[in-house]
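**Student:** Next comes structure-v8.txt, compact mmCIF, C-alpha atoms:
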# COMPACT_ATOMS: atom_id res chain seq x y z
CA MET A 1064 173.79 39.13 -33.06
CA GLU A 1065 170.24 39.56 -31.86
CA SER A 1066 169.54 42.41 -34.26
CA GLY A 1067 171.28 40.52 -37.08
CA PHE A 1068 168.85 37.63 -36.71
CA ARG A 1069 165.99 40.08 -36.51
CA ASP A 1070 167.03 41.74 -39.74
CA ILE A 1071 167.19 38.44 -41.56
CA TRP A 1072 163.75 37.45 -40.21
CA VAL A 1073 162.24 40.78 -41.27
CA TYR A 1074 163.76 40.32 -44.72
CA LEU A 1075 162.50 36.74 -45.12
CA ALA A 1076 159.06 37.51 -43.70
CA ALA A 1077 158.50 40.03 -46.48
CA THR A 1078 158.62 37.35 -49.22
CA PRO A 1079 156.05 34.61 -49.79
CA LEU A 1080 158.79 31.97 -49.59
CA LEU A 1081 159.13 31.90 -45.80
CA HIS A 1082 155.48 31.32 -44.93
CA LEU A 1083 154.93 28.92 -47.79
CA THR A 1084 157.90 26.86 -46.58
CA LEU A 1085 156.79 27.04 -42.95
CA THR A 1086 153.32 25.77 -43.95
CA LEU A 1087 154.81 22.77 -45.75
CA ILE A 1088 157.23 21.99 -42.92
CA ALA A 1089 154.56 22.30 -40.22
CA TYR A 1090 152.20 20.00 -42.13
CA GLN A 1091 154.87 17.40 -42.82
CA GLY A 1092 156.01 17.49 -39.21
CA GLY A 1093 152.41 16.91 -38.17
CA TYR A 1094 152.02 14.13 -40.72
CA TRP A 1095 155.20 12.46 -39.47
CA LEU A 1096 153.88 12.42 -35.89
CA TYR A 1097 150.50 11.17 -37.07
CA ARG A 1098 152.17 8.25 -38.86
CA LYS A 1099 154.41 7.52 -35.87
CA ALA A 1100 151.25 7.31 -33.75
CA ASN A 1101 149.70 4.71 -36.07
CA LEU A 1102 147.35 7.22 -37.70
CA ASN A 1103 145.70 8.08 -34.41
CA PRO A 1104 142.99 10.65 -35.30
CA LEU A 1105 143.79 12.66 -32.16
CA LEU A 1106 147.15 13.56 -33.73
CA ASN A 1107 145.57 14.96 -36.87
CA PRO A 1108 148.27 16.61 -39.02
CA VAL A 1109 146.12 19.63 -39.92
CA PHE A 1110 145.30 20.27 -36.30
CA LEU A 1111 148.98 20.00 -35.30
CA ALA A 1112 150.12 22.20 -38.20
CA VAL A 1113 147.55 24.90 -37.40
CA CYS A 1114 148.60 24.94 -33.72
CA VAL A 1115 152.30 25.22 -34.61
CA LEU A 1116 151.76 27.92 -37.26
CA VAL A 1117 149.43 30.03 -35.08
CA SER A 1118 152.02 29.84 -32.27
CA ILE A 1119 154.82 30.95 -34.61
CA LEU A 1120 152.75 33.86 -35.95
CA LEU A 1121 151.79 34.99 -32.45
CA VAL A 1122 155.34 34.74 -31.09
CA THR A 1123 156.88 36.60 -34.04
CA GLY A 1124 154.04 39.15 -34.16
CA THR A 1125 153.24 38.31 -37.78
CA SER A 1126 149.79 39.23 -39.08
CA TYR A 1127 147.61 36.59 -40.73
CA GLN A 1128 147.54 38.77 -43.81
CA SER A 1129 151.29 38.65 -44.35
CA TYR A 1130 151.31 34.91 -43.56
CA PHE A 1131 148.64 34.38 -46.19
CA GLU A 1132 150.70 36.10 -48.88
CA GLY A 1133 152.92 33.03 -48.80
CA ALA A 1134 150.28 30.45 -47.92
CA GLN A 1135 147.90 31.51 -50.71
CA PHE A 1136 149.78 29.30 -53.18
CA VAL A 1137 148.72 26.24 -51.21
CA HIS A 1138 145.27 27.69 -50.58
CA PHE A 1139 144.67 28.20 -54.30
CA LEU A 1140 144.87 24.45 -54.95
CA LEU A 1141 141.66 23.91 -52.94
CA GLY A 1142 139.56 24.75 -56.01
CA PRO A 1143 141.22 22.30 -58.44
CA ALA A 1144 141.32 19.65 -55.68
CA THR A 1145 137.57 20.02 -55.21
CA VAL A 1146 137.05 19.47 -58.94
CA ALA A 1147 139.35 16.43 -58.75
CA LEU A 1148 137.02 14.86 -56.14
CA ALA A 1149 134.97 13.82 -59.19
CA ILE A 1150 137.52 11.04 -59.84
CA PRO A 1151 137.17 9.06 -56.57
CA LEU A 1152 133.41 9.51 -56.90
CA TYR A 1153 133.52 8.20 -60.48
CA ARG A 1154 135.53 5.16 -59.33
CA GLN A 1155 132.54 4.27 -57.13
CA LEU A 1156 130.06 4.59 -59.98
CA GLU A 1157 129.21 0.86 -59.98
CA THR A 1158 128.43 0.91 -56.25
CA ILE A 1159 126.33 4.04 -56.69
CA LYS A 1160 124.34 2.40 -59.50
CA GLN A 1161 123.80 -0.81 -57.54
CA SER A 1162 122.23 0.77 -54.48
CA ALA A 1163 121.41 4.29 -55.55
CA MET A 1164 118.23 4.64 -53.49
CA ALA A 1165 119.70 3.34 -50.24
CA LEU A 1166 122.77 5.55 -50.61
CA LEU A 1167 120.93 8.70 -51.59
CA VAL A 1168 118.31 8.38 -48.85
CA SER A 1169 120.81 7.49 -46.09
CA VAL A 1170 123.39 10.12 -47.01
CA GLY A 1171 120.63 12.67 -47.72
CA LEU A 1172 119.12 12.14 -44.26
CA GLY A 1173 122.56 12.23 -42.69
CA SER A 1174 123.43 15.42 -44.55
CA LEU A 1175 120.24 17.15 -43.39
CA THR A 1176 120.76 15.94 -39.82
CA ALA A 1177 124.35 17.20 -39.77
CA ALA A 1178 123.48 20.69 -40.94
CA LEU A 1179 120.12 21.25 -39.25
CA THR A 1180 120.99 19.89 -35.79
CA ALA A 1181 124.25 21.90 -35.73
CA VAL A 1182 122.47 25.13 -36.72
CA LEU A 1183 119.54 24.60 -34.33
CA LEU A 1184 121.81 23.67 -31.40
CA VAL A 1185 124.00 26.76 -31.88
CA ARG A 1186 120.91 28.95 -32.11
CA PHE A 1187 119.34 27.31 -29.04
CA LEU A 1188 122.56 27.75 -27.06
CA GLY A 1189 122.74 31.44 -27.90
CA GLY A 1190 125.44 31.42 -30.61
CA SER A 1191 125.72 34.18 -33.19
CA ASN A 1192 124.42 34.09 -36.75
CA THR A 1193 127.98 33.91 -38.09
CA THR A 1194 128.69 30.85 -35.99
CA MET A 1195 125.45 29.22 -37.18
CA ILE A 1196 126.46 29.60 -40.82
CA SER A 1197 130.07 28.60 -40.23
CA ILE A 1198 129.15 25.38 -38.39
CA ALA A 1199 126.38 24.30 -40.82
CA PRO A 1200 128.68 22.49 -43.29
CA LYS A 1201 130.94 21.03 -40.55
CA SER A 1202 130.50 17.42 -41.77
CA VAL A 1203 131.47 18.24 -45.34
CA THR A 1204 135.02 17.80 -46.60
CA ALA A 1205 136.89 21.06 -45.89
CA PRO A 1206 137.36 22.53 -49.38
CA VAL A 1207 133.66 22.21 -50.16
CA ALA A 1208 132.58 23.23 -46.64
CA MET A 1209 134.62 26.43 -46.87
CA GLY A 1210 133.03 27.27 -50.21
CA ILE A 1211 129.53 26.75 -48.76
CA SER A 1212 130.37 28.84 -45.70
CA GLU A 1213 131.64 31.66 -47.89
CA GLN A 1214 128.55 31.52 -50.12
CA LEU A 1215 126.23 31.92 -47.13
CA GLY A 1216 128.25 34.66 -45.43
CA GLY A 1217 130.06 32.62 -42.77
CA LEU A 1218 133.74 32.56 -41.87
CA PRO A 1219 135.55 30.00 -44.07
CA SER A 1220 138.53 29.82 -41.69
CA LEU A 1221 136.28 29.07 -38.69
CA THR A 1222 134.53 26.46 -40.86
CA ALA A 1223 137.88 24.86 -41.73
CA VAL A 1224 138.73 24.43 -38.06
CA LEU A 1225 135.25 23.14 -37.14
CA VAL A 1226 135.40 20.66 -40.04
CA VAL A 1227 138.71 19.27 -38.77
CA MET A 1228 137.40 19.03 -35.20
CA THR A 1229 134.22 17.30 -36.40
CA GLY A 1230 136.33 14.85 -38.37
CA ILE A 1231 138.50 14.02 -35.39
CA PHE A 1232 135.52 13.68 -33.05
CA GLY A 1233 133.60 11.45 -35.45
CA ALA A 1234 136.62 9.27 -36.18
CA VAL A 1235 137.23 8.71 -32.45
CA PHE A 1236 133.67 8.39 -31.13
CA GLY A 1237 131.82 7.11 -34.22
CA PRO A 1238 132.90 3.44 -33.97
CA PRO A 1239 131.97 3.08 -30.26
CA LEU A 1240 128.60 4.72 -30.95
CA LEU A 1241 127.95 2.28 -33.81
CA ASP A 1242 128.89 -0.62 -31.50
CA LEU A 1243 126.42 0.73 -28.95
CA LEU A 1244 123.70 0.86 -31.63
CA ARG A 1245 124.66 -2.72 -32.63
CA ILE A 1246 125.25 -1.79 -36.25
CA ARG A 1247 127.67 -4.38 -37.64
CA ASP A 1248 127.14 -3.97 -41.36
CA TRP A 1249 130.44 -2.55 -42.68
CA ARG A 1250 128.66 -0.69 -45.46
CA ALA A 1251 126.37 1.14 -43.02
CA ARG A 1252 129.24 1.82 -40.61
CA GLY A 1253 131.44 3.27 -43.34
CA LEU A 1254 128.61 5.31 -44.81
CA ALA A 1255 127.79 6.85 -41.42
CA ILE A 1256 131.39 7.72 -40.56
CA GLY A 1257 132.02 9.22 -44.01
CA THR A 1258 128.83 11.30 -43.93
CA ALA A 1259 129.56 12.71 -40.48
CA SER A 1260 133.33 13.05 -40.52
CA HIS A 1261 134.47 13.23 -44.18
CA GLY A 1262 138.14 12.48 -44.98
CA ILE A 1263 139.37 12.13 -41.41
CA GLY A 1264 136.69 9.52 -40.70
CA THR A 1265 137.41 7.83 -44.03
CA ALA A 1266 141.11 7.50 -43.18
CA ARG A 1267 140.07 5.78 -39.95
CA ALA A 1268 137.51 3.55 -41.66
CA LEU A 1269 140.07 2.42 -44.26
CA GLN A 1270 142.35 1.22 -41.48
CA VAL A 1271 139.65 -0.97 -39.98
CA ASN A 1272 137.89 -2.47 -43.00
CA GLU A 1273 138.20 -2.08 -46.76
CA VAL A 1274 134.46 -2.11 -47.43
CA ALA A 1275 133.86 0.43 -44.66
CA GLY A 1276 136.60 2.61 -46.14
CA ALA A 1277 135.12 2.50 -49.64
CA PHE A 1278 131.63 3.37 -48.39
CA SER A 1279 133.03 6.09 -46.17
CA GLY A 1280 134.83 7.72 -49.10
CA LEU A 1281 131.71 7.43 -51.20
CA ALA A 1282 129.57 8.99 -48.45
CA MET A 1283 132.06 11.84 -48.13
CA GLY A 1284 131.69 12.67 -51.85
CA LEU A 1285 127.90 12.31 -51.92
CA ASN A 1286 127.51 14.39 -48.76
CA ALA A 1287 129.68 17.14 -50.22
CA VAL A 1288 127.48 17.36 -53.31
CA ALA A 1289 124.21 17.00 -51.34
CA THR A 1290 125.13 19.69 -48.81
CA ALA A 1291 126.50 22.07 -51.43
CA PHE A 1292 123.20 21.98 -53.31
CA LEU A 1293 120.68 21.55 -50.46
CA LEU A 1294 122.04 23.77 -47.69
CA PRO A 1295 121.93 27.11 -49.55
CA LEU A 1296 118.37 26.34 -50.68
CA ILE A 1297 117.21 25.41 -47.18
CA TRP A 1298 119.00 28.44 -45.79
CA ARG A 1299 117.10 30.76 -48.13
CA ILE A 1300 113.77 29.21 -47.19
CA PHE A 1301 114.22 29.23 -43.40
CA PHE A 1302 116.48 32.16 -42.56
CA MET B 586 149.52 15.29 -67.60
CA LEU B 587 149.57 19.03 -68.21
CA GLY B 588 146.57 18.60 -70.46
CA TYR B 589 144.54 16.99 -67.68
CA LEU B 590 145.61 19.62 -65.15
CA THR B 591 144.33 22.17 -67.64
CA LEU B 592 141.12 20.18 -68.02
CA ILE B 593 140.57 20.32 -64.25
CA LEU B 594 141.11 24.10 -64.24
CA VAL B 595 138.78 24.46 -67.24
CA CYS B 596 136.08 22.51 -65.36
CA GLN B 597 136.54 24.82 -62.38
CA LEU B 598 136.33 27.85 -64.65
CA ILE B 599 133.11 26.52 -66.22
CA GLY B 600 131.73 25.85 -62.73
CA GLU B 601 132.62 29.30 -61.39
CA THR B 602 131.25 31.02 -64.51
CA PHE B 603 128.03 29.00 -64.42
CA VAL B 604 127.48 29.83 -60.74
CA VAL B 605 128.06 33.57 -61.23
CA TRP B 606 125.94 33.58 -64.37
CA THR B 607 122.94 31.73 -62.88
CA GLY B 608 123.27 33.14 -59.35
CA LEU B 609 122.99 29.53 -58.10
CA PRO B 610 124.17 29.50 -54.45
CA VAL B 611 126.62 26.62 -54.95
CA PRO B 612 130.43 26.88 -54.66
CA GLY B 613 131.94 27.16 -58.15
CA PRO B 614 134.46 24.29 -57.71
CA VAL B 615 131.62 21.93 -56.68
CA MET B 616 129.83 22.80 -59.92
CA GLY B 617 133.16 22.11 -61.69
CA MET B 618 133.29 18.71 -59.99
CA VAL B 619 129.78 17.94 -61.26
CA VAL B 620 130.86 18.97 -64.78
CA LEU B 621 133.91 16.67 -64.66
CA PHE B 622 131.88 13.78 -63.19
CA ALA B 623 129.23 14.16 -65.90
CA GLY B 624 131.96 14.26 -68.52
CA LEU B 625 133.44 10.99 -67.25
CA VAL B 626 130.02 9.30 -67.20
CA VAL B 627 129.35 10.39 -70.78
CA ARG B 628 132.85 9.35 -71.89
CA GLY B 629 132.59 6.06 -69.98
CA GLY B 630 136.07 5.47 -68.58
CA LEU B 631 138.79 7.16 -66.57
CA PRO B 632 141.98 8.15 -68.47
CA ASP B 633 145.11 6.97 -66.58
CA ASP B 634 146.78 10.36 -66.67
CA LEU B 635 143.70 12.12 -65.33
CA ALA B 636 143.67 9.64 -62.45
CA LYS B 637 147.35 10.43 -61.81
CA VAL B 638 146.80 14.19 -61.77
CA SER B 639 143.81 13.95 -59.45
CA ASP B 640 145.56 11.53 -57.10
CA THR B 641 148.49 13.97 -56.88
CA LEU B 642 146.11 16.78 -55.98
CA LEU B 643 144.17 14.70 -53.47
CA ILE B 644 146.87 12.69 -51.70
CA HIS B 645 147.64 15.58 -49.38
CA LEU B 646 144.25 17.25 -49.61
CA SER B 647 144.41 18.13 -45.92
CA LEU B 648 147.57 20.23 -46.44
CA LEU B 649 145.51 22.51 -48.66
CA PHE B 650 143.25 23.71 -45.86
CA VAL B 651 146.04 24.48 -43.39
CA PRO B 652 146.34 28.15 -44.53
CA ALA B 653 142.61 28.69 -44.00
CA GLY B 654 142.75 26.85 -40.68
CA VAL B 655 145.46 29.20 -39.45
CA GLY B 656 142.95 32.01 -40.08
CA VAL B 657 141.13 30.87 -36.96
CA MET B 658 143.56 33.10 -35.05
CA LEU B 659 141.50 36.02 -36.34
CA HIS B 660 138.42 34.65 -34.60
CA ALA B 661 139.85 33.87 -31.18
CA GLY B 662 137.38 36.32 -29.60
CA LEU B 663 134.36 34.65 -31.19
CA LEU B 664 135.58 31.19 -30.16
CA GLY B 665 136.20 32.43 -26.61
CA GLU B 666 132.67 33.77 -26.29
CA GLU B 667 130.82 30.91 -27.96
CA TRP B 668 132.95 27.86 -27.27
CA LEU B 669 130.23 26.16 -25.23
CA ALA B 670 127.55 26.51 -27.92
CA ILE B 671 130.04 25.49 -30.63
CA SER B 672 131.44 22.42 -28.90
CA SER B 673 128.04 21.13 -27.70
CA ALA B 674 126.54 21.55 -31.15
CA LEU B 675 129.54 19.87 -32.77
CA VAL B 676 129.47 16.86 -30.44
CA MET B 677 125.72 16.23 -30.43
CA SER B 678 125.21 16.92 -34.12
CA THR B 679 128.05 14.60 -35.15
CA LEU B 680 126.75 11.72 -33.02
CA LEU B 681 123.20 12.23 -34.33
CA THR B 682 124.46 12.29 -37.93
CA ILE B 683 126.29 8.98 -37.49
CA ALA B 684 123.28 7.35 -35.81
CA VAL B 685 120.76 8.57 -38.42
CA THR B 686 122.88 7.63 -41.46
CA ALA B 687 123.77 4.15 -40.20
CA THR B 688 120.23 3.38 -39.06
CA ALA B 689 118.76 4.51 -42.39
CA MET B 690 121.23 2.37 -44.35
CA VAL B 691 120.58 -0.73 -42.21
CA ALA B 692 116.81 -0.22 -42.46
CA PHE B 693 117.06 0.11 -46.24
CA ASN B 694 119.21 -3.01 -46.63
CA ARG B 695 116.87 -5.00 -44.38
CA TYR B 696 113.85 -3.81 -46.35
CA ARG B 697 115.49 -4.66 -49.65
CA GLY B 698 116.85 -7.94 -48.33
CA GLY B 699 113.33 -8.79 -47.16
CA ALA B 700 111.83 -7.92 -50.53
CA GLN B 701 114.42 -10.04 -52.31
CA GLY B 702 113.90 -12.97 -49.97
CA GLY B 703 110.09 -12.68 -50.22
CA GLY B 704 109.71 -12.86 -53.96
CA GLU B 705 111.58 -13.39 -57.19
CA ASN B 706 110.25 -10.28 -58.85
CA ARG B 707 113.28 -8.07 -58.84
Let's see the structure in the file written out as C-alpha cells.

**Tutor:**
Amino acid sequence: MESGFRDIWVYLAATPLLHLTLTLIAYQGGYWLYRKANLNPLLNPVFLAVCVLVSILLVTGTSYQSYFEGAQFVHFLLGPATVALAIPLYRQLETIKQSAMALLVSVGLGSLTAALTAVLLVRFLGGSNTTMISIAPKSVTAPVAMGISEQLGGLPSLTAVLVVMTGIFGAVFGPPLLDLLRIRDWRARGLAIGTASHGIGTARALQVNEVAGAFSGLAMGLNAVATAFLLPLIWRIFF
Amino acid sequence: MLGYLTLILVCQLIGETFVVWTGLPVPGPVMGMVVLFAGLVVRGGLPDDLAKVSDTLLIHLSLLFVPAGVGVMLHAGLLGEEWLAISSALVMSTLLTIAVTATAMVAFNRYRGGAQGGGENR
C-alpha cells in the first residue's frame, strides 16, 4: 500500500502536470482564504501558496528544478503579462496628461527613495552584494522587479519574495503612516501606496477609495517603468 | 482574440530583441510594454478585444510569480544569515517611500492650487 502510493507519486512527479496542477491549486486555495478574510493583506494568496508549495516540496524531497519543469508554464506568462501592463496604464492616459509633472516628480522621487534607501540600508547593515541587488526593485510589481533583478545579477526568486513582503507591509502599515502624516488627499495617498507597494497596495487602496485605487494603480505602472529605466543606470554609475 | 495575444507576444519579442541589440540594461518585456503603450497612443484608442486579452492575463497576475517565489527555498541559507539586514531595510525603506511620495504629491498640488488661485494665467 505504502509502496504503491510511492510508485504513483514518483510516476506523477516526473511529468509537468503534477507540479503545474499543485501550483494552481495552492494559489486558488490561498485566494479563497484571502477572500474569506475580506481581502486582508496579511493573508496574501501568493505568500500562502509559496508557503504551502515549499512545504510540499520539502516533505516529498522534490527539488526546485523538477518542480519548475511543471511550473514553468505559469512562469512563462510573466513576460506577456508585463507587456499587457501597457493597457491599464493607457486607460489612465487622461490622468497622466492632466497632472504629468506632479505625477512624474512624486513617483520619480518615490522610486529613487525605494531603491536607494533599501540598497544603502542593506549595505550599512552588512548584507551581501546579491541581497543589495535583489532588494533594490522591491517596490516594483513582481514581474518587472524580477526582470530588473536578473539584469543586474541578483536573485529573481529572492526578489519575488521580497516584493510580496514589501507589498503586504506597505498595504498594512501605509494607511496608518499617512494618517500620522495627516495626508488626507486620496490622490496622494493612493499614489504613495502604489509606488511603495505595487499591486498588493493597489488592491487595498481600491477597497478603501476609488480615486485612491486609480492613483495607486497608476503609480504602480509609472514606478515599474521609472525603476526599470533608472535603476540599471544608477547602478552602473555608483557600483 | 488570438490576434491580440499574438500582438502582445510580438511586442515582447520586439522589446527583447531591442534590448539585446542595444545592450540597454532594461528588462525586455518592459521595453515591449513601452512599445505597446506607444502604439496605443499613436493609434488613439483601445480595441475591446485587446482589453479582454490583457485583462485575462492580468486578473491573476499574482499567480504568475508563485513559481519564482517558491524558488526562495534555494536561498534559505542567505535569508537565515541576512534576515535582520533584509527585514530592517524592507520596513524602513517602504515607510520612507510612502512618506516621500505622498509629501511630494501634496506639496505639488498645494503649489499648483496656489498658482491657480493666485492668478488667471494658466

**Student:** Can I get the residues of chain B within 7 Å of chain A, each with the closest pair of atoms and their distance in Å to one decimal, using all atoms listed in the file, sorted chain first then ascending number, as JSON lines?

**Tutor:**
{"residue": "B:Ile593", "atom": "CA", "partner": "A:Pro1143", "partner_atom": "CA", "distance": 6.2}
{"residue": "B:Leu594", "atom": "CA", "partner": "A:Pro1143", "partner_atom": "CA", "distance": 6.1}
{"residue": "B:Gln597", "atom": "CA", "partner": "A:Val1146", "partner_atom": "CA", "distance": 6.4}
{"residue": "B:Pro610", "atom": "CA", "partner": "A:Pro1295", "partner_atom": "CA", "distance": 5.9}
{"residue": "B:Val611", "atom": "CA", "partner": "A:Ala1291", "partner_atom": "CA", "distance": 5.8}
{"residue": "B:Pro612", "atom": "CA", "partner": "A:Gly1210", "partner_atom": "CA", "distance": 5.2}
{"residue": "B:Pro614", "atom": "CA", "partner": "A:Gly1142", "partner_atom": "CA", "distance": 5.4}
{"residue": "B:Val615", "atom": "CA", "partner": "A:Val1146", "partner_atom": "CA", "distance": 6.4}
{"residue": "B:Gly617", "atom": "CA", "partner": "A:Val1146", "partner_atom": "CA", "distance": 5.4}
{"residue": "B:Met618", "atom": "CA", "partner": "A:Val1146", "partner_atom": "CA", "distance": 4.0}
{"residue": "B:Val619", "atom": "CA", "partner": "A:Ala1149", "partner_atom": "CA", "distance": 6.9}
{"residue": "B:Leu621", "atom": "CA", "partner": "A:Ala1149", "partner_atom": "CA", "distance": 6.3}
{"residue": "B:Phe622", "atom": "CA", "partner": "A:Ala1149", "partner_atom": "CA", "distance": 5.1}
{"residue": "B:Ala636", "atom": "CA", "partner": "A:Ile1150", "partner_atom": "CA", "distance": 6.8}
{"residue": "B:Ser639", "atom": "CA", "partner": "A:Ala1147", "partner_atom": "CA", "distance": 5.2}
{"residue": "B:Leu642", "atom": "CA", "partner": "A:Ala1144", "partner_atom": "CA", "distance": 5.6}
{"residue": "B:Leu643", "atom": "CA", "partner": "A:Ala1144", "partner_atom": "CA", "distance": 6.1}
{"residue": "B:Ser647", "atom": "CA", "partner": "A:Val1109", "partner_atom": "CA", "distance": 6.4}
{"residue": "B:Leu648", "atom": "CA", "partner": "A:Tyr1090", "partner_atom": "CA", "distance": 6.3}
{"residue": "B:Leu649", "atom": "CA", "partner": "A:His1138", "partner_atom": "CA", "distance": 5.5}
{"residue": "B:Phe650", "atom": "CA", "partner": "A:His1138", "partner_atom": "CA", "distance": 6.5}
{"residue": "B:Val651", "atom": "CA", "partner": "A:Val1109", "partner_atom": "CA", "distance": 6.0}
{"residue": "B:Pro652", "atom": "CA", "partner": "A:Ala1134", "partner_atom": "CA", "distance": 5.7}
{"residue": "B:Ala653", "atom": "CA", "partner": "A:Ser1220", "partner_atom": "CA", "distance": 4.8}
{"residue": "B:Gly654", "atom": "CA", "partner": "A:Ser1220", "partner_atom": "CA", "distance": 5.3}
{"residue": "B:Val655", "atom": "CA", "partner": "A:Val1113", "partner_atom": "CA", "distance": 5.2}
{"residue": "B:Gly656", "atom": "CA", "partner": "A:Ser1220", "partner_atom": "CA", "distance": 5.2}
{"residue": "B:Val657", "atom": "CA", "partner": "A:Leu1221", "partner_atom": "CA", "distance": 5.5}
{"residue": "B:Met658", "atom": "CA", "partner": "A:Val1117", "partner_atom": "CA", "distance": 6.6}
{"residue": "B:Glu667", "atom": "CA", "partner": "A:Gly1190", "partner_atom": "CA", "distance": 6.0}
{"residue": "B:Ala670", "atom": "CA", "partner": "A:Leu1188", "partner_atom": "CA", "distance": 5.2}
{"residue": "B:Ile671", "atom": "CA", "partner": "A:Val1185", "partner_atom": "CA", "distance": 6.3}
{"residue": "B:Ala674", "atom": "CA", "partner": "A:Ala1181", "partner_atom": "CA", "distance": 5.1}
{"residue": "B:Leu675", "atom": "CA", "partner": "A:Ala1181", "partner_atom": "CA", "distance": 6.4}
{"residue": "B:Ser678", "atom": "CA", "partner": "A:Ala1181", "partner_atom": "CA", "distance": 5.3}
{"residue": "B:Thr679", "atom": "CA", "partner": "A:Ala1259", "partner_atom": "CA", "distance": 5.9}
{"residue": "B:Leu680", "atom": "CA", "partner": "A:Gly1237", "partner_atom": "CA", "distance": 7.0}
{"residue": "B:Thr682", "atom": "CA", "partner": "A:Gly1173", "partner_atom": "CA", "distance": 5.1}
{"residue": "B:Ile683", "atom": "CA", "partner": "A:Ala1255", "partner_atom": "CA", "distance": 4.7}
{"residue": "B:Val685", "atom": "CA", "partner": "A:Gly1173", "partner_atom": "CA", "distance": 5.9}
{"residue": "B:Thr686", "atom": "CA", "partner": "A:Gly1173", "partner_atom": "CA", "distance": 4.8}
{"residue": "B:Ala687", "atom": "CA", "partner": "A:Ala1251", "partner_atom": "CA", "distance": 4.9}
{"residue": "B:Ala689", "atom": "CA", "partner": "A:Ser1169", "partner_atom": "CA", "distance": 5.2}
{"residue": "B:Met690", "atom": "CA", "partner": "A:Ser1169", "partner_atom": "CA", "distance": 5.4}
{"residue": "B:Val691", "atom": "CA", "partner": "A:Ala1251", "partner_atom": "CA", "distance": 6.1}
{"residue": "B:Phe693", "atom": "CA", "partner": "A:Ala1165", "partner_atom": "CA", "distance": 5.8}

**Student:** By how many Å are CA of Val1235 (chain A) and CA of Ala1268 (chain A) apart?

**Tutor:** 10.6 Å

**Student:** For a test of reading the model, state the distance in Å between CA of Ile1119 (chain A) and CA of Ser672 (chain B), rounded to one decimal.

**Tutor:** 25.5 Å

**Student:** Please indicate the distance in Å from CA of Leu635 (chain B) to CA of Thr1158 (chain A), rounded to one decimal place.

**Tutor:** 21.0 Å

**Student:** Which one is closest to Gly588 (chain B): B:Asp640, B:Leu663, B:Asp634, B:Leu669? Count all atoms listed in the file.

**Tutor:**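 Using all atoms listed in the file, the shortest distance to Gly588 (chain B) belongs to B:Asp634.
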